[in-house]
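Here is the structure we will look at, set down as structure tokens.
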Amino acid sequence: MSGDFFDTNVLVYMFDEVNHRKRDIAQNLVWEALENRSARISFQVVQESLNVLTRQASSPANSMTASGFLDRVLIPLWVVMPSPSIYARTLELQALYQYSFYDSLLIASALDSGASRLLSEDMQDGQRIEGLTITNPFAEH
């Protein structure tokens with residue numbers, strides 16, 4: 001296993017107009033990952049990112065901005081598509097670790113992609129699941 005898997009919050013923080021520290025961290029992570037081809041995302045992250053950017057952000061992105069983000073960032077990182085095996089693994093992980101269905105789907109997708117780290121601020125920082133380490137890239141250590 002190698003490389004990173006990004007949770008939606010990493011991508012959404014790229015547009016944060018309030019928390020400049022998180023925005024800078026997110027932008028650095030994503031631009032470096034694109035340059036080095038060292039990270040990946042799933043269909044779920046694509047959907048959630050576009051929804052947040054166009055509907056839930058404090059300043060929603062217009063369709064042109066969202067389309068550019070889709071083309072330049074999301075599509076190059078996108079490697080995991082929905083499948084019966086992803087959903088089966090999600091249910092197993094949900095039962096074992098008691099995460100929500102959607103967090104378990106994210107973990108299943110990260111495992112399926114071969115990532116060694118899942119970058120997310122929404123789960124237990126440092127937890128290891130089948131060779132995958134959950135890491136909060138925004139934690140102040």
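Just remember, in the structure tokens the first chain shown is A, the second B, etc., residues are 1-based per chain, and ligands are 1-based in the order shown.
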
- request: With a distance cut-off of 8 Å and only C-alpha atoms, select the neighbouring residues of range 71-84 of chain A, excluding the residue or stretch itself and same-chain residues fewer than 5 positions from it, and output the selection as a ChimeraX atom specification.
  value: /A:30,34,37,39-43,46,109,112-113

Save out the residues we just selected, N, CA and C atoms, as an mmCIF file, in the first residue's frame.
```cif
data_model
loop_
_atom_site.group_PDB
_atom_site.id
_atom_site.type_symbol
_atom_site.label_atom_id
_atom_site.label_comp_id
_atom_site.auth_asym_id
_atom_site.auth_seq_id
_atom_site.Cartn_x
_atom_site.Cartn_y
_atom_site.Cartn_z
ATOM 1 N N VAL A 30 -3.002 18.958 -2.109
ATOM 2 C CA VAL A 30 -3.624 18.599 -3.385
ATOM 3 C C VAL A 30 -2.701 18.904 -4.563
ATOM 4 N N LEU A 34 -1.236 16.087 -7.098
ATOM 5 C CA LEU A 34 -1.451 16.116 -8.550
ATOM 6 C C LEU A 34 -0.122 16.072 -9.298
ATOM 7 N N ARG A 37 1.310 12.539 -8.576
ATOM 8 C CA ARG A 37 0.368 11.419 -8.747
ATOM 9 C C ARG A 37 0.393 10.505 -7.533
ATOM 10 N N ALA A 39 -1.880 10.664 -4.783
ATOM 11 C CA ALA A 39 -3.121 10.570 -4.007
ATOM 12 C C ALA A 39 -4.264 10.179 -4.919
ATOM 13 N N ARG A 40 -5.343 9.770 -4.274
ATOM 14 C CA ARG A 40 -6.507 9.341 -5.025
ATOM 15 C C ARG A 40 -7.775 9.660 -4.253
ATOM 16 N N ILE A 41 -8.896 9.602 -4.966
ATOM 17 C CA ILE A 41 -10.208 9.822 -4.372
ATOM 18 C C ILE A 41 -11.203 8.840 -5.002
ATOM 19 N N SER A 42 -12.421 8.853 -4.465
ATOM 20 C CA SER A 42 -13.476 7.977 -4.973
ATOM 21 C C SER A 42 -14.634 8.788 -5.523
ATOM 22 N N PHE A 43 -15.567 8.080 -6.132
ATOM 23 C CA PHE A 43 -16.799 8.679 -6.642
ATOM 24 C C PHE A 43 -17.516 9.461 -5.551
ATOM 25 N N VAL A 46 -15.916 12.845 -5.077
ATOM 26 C CA VAL A 46 -16.269 13.714 -6.208
ATOM 27 C C VAL A 46 -17.651 14.310 -5.977
ATOM 28 N N SER A 109 -13.197 2.516 0.227
ATOM 29 C CA SER A 109 -12.652 3.034 -1.031
ATOM 30 C C SER A 109 -11.154 3.280 -0.915
ATOM 31 N N ASP A 112 -9.519 -0.056 -1.063
ATOM 32 C CA ASP A 112 -9.600 -0.572 -2.436
ATOM 33 C C ASP A 112 -8.574 0.104 -3.353
ATOM 34 N N SER A 113 -8.289 1.366 -3.090
ATOM 35 C CA SER A 113 -7.349 2.112 -3.943
ATOM 36 C C SER A 113 -5.892 1.765 -3.660
#
```

From the DSSP assignment of the backbone, select every residue of chain A that is strand (DSSP E or B), and format the answer as a PyMOL selection string. chain A and resi 4-6+39-42+78-80+117-119+128-129+132-135

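With only C-alpha atoms as the atoms that count, the minimum distance from Thr135 in chain A to the choices A:Leu119, A:Met64, A:Leu111, A:Val10 is reached by A:Leu119.
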
Which residue of A:Ala88, A:Ile25, A:Ala66, A:Val52 approaches Val12 in chain A most closely, using only C-alpha atoms:
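Once distances to Val12 in chain A are computed over only C-alpha atoms, the minimum belongs to A:Val52.
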
| request: May I ask which of the residues A:Met123, A:Ile107, A:Leu11, A:Asp16 is the closest one to Phe69 in chain A, counting only C-alpha atoms? | output: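 Checking each of A:Met123, A:Ile107, A:Leu11, A:Asp16 against Phe69 in chain A, counting only C-alpha atoms, the winner is A:Leu11.
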
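Nearest residue to Tyr97 in chain A, choosing from A:Arg117, A:Leu50, A:Tyr13, A:Arg128 and counting only C-alpha atoms: A:Arg128.
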
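Using only C-alpha atoms, the smallest distance between any of A:Ala139, A:Leu29, A:Glu92, A:Ser63 and Phe5 in chain A comes from A:Leu29.
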
Exercise: Leu118 in chain A partners within 8 Å, only C-alpha atoms, chain neighbours under 5 positions left out, as a short mmCIF file (atom, residue, chain, number, x, y, z; two decimals) with C-alpha atoms, in the first residue's frame:
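Result file is part-v4.cif:
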```
data_model
loop_
_atom_site.label_atom_id
_atom_site.label_comp_id
_atom_site.auth_asym_id
_atom_site.auth_seq_id
_atom_site.Cartn_x
_atom_site.Cartn_y
_atom_site.Cartn_z
CA ASP A 4 -2.79 9.07 0.18
CA PHE A 5 -6.55 9.01 -0.12
CA PHE A 6 -8.31 12.35 0.40
CA ASP A 7 -11.55 12.80 2.28
CA ILE A 107 -12.47 3.74 4.30
CA ALA A 110 -9.28 4.03 0.43
CA LEU A 132 -4.46 2.08 6.27
CA THR A 133 -3.68 4.89 8.74
CA ILE A 134 -6.21 7.65 9.27
CA THR A 135 -4.38 10.95 9.51
#
```

query = So which residues touch Glu140 in chain A within 12 Å, counting only C-alpha atoms, skipping near sequence neighbours fewer than 6 positions away, as a count of residues only?
reply = 5

As a check of understanding: the span from CA of Leu106 in chain A to CA of Asp122 in chain A is 11.1 Å
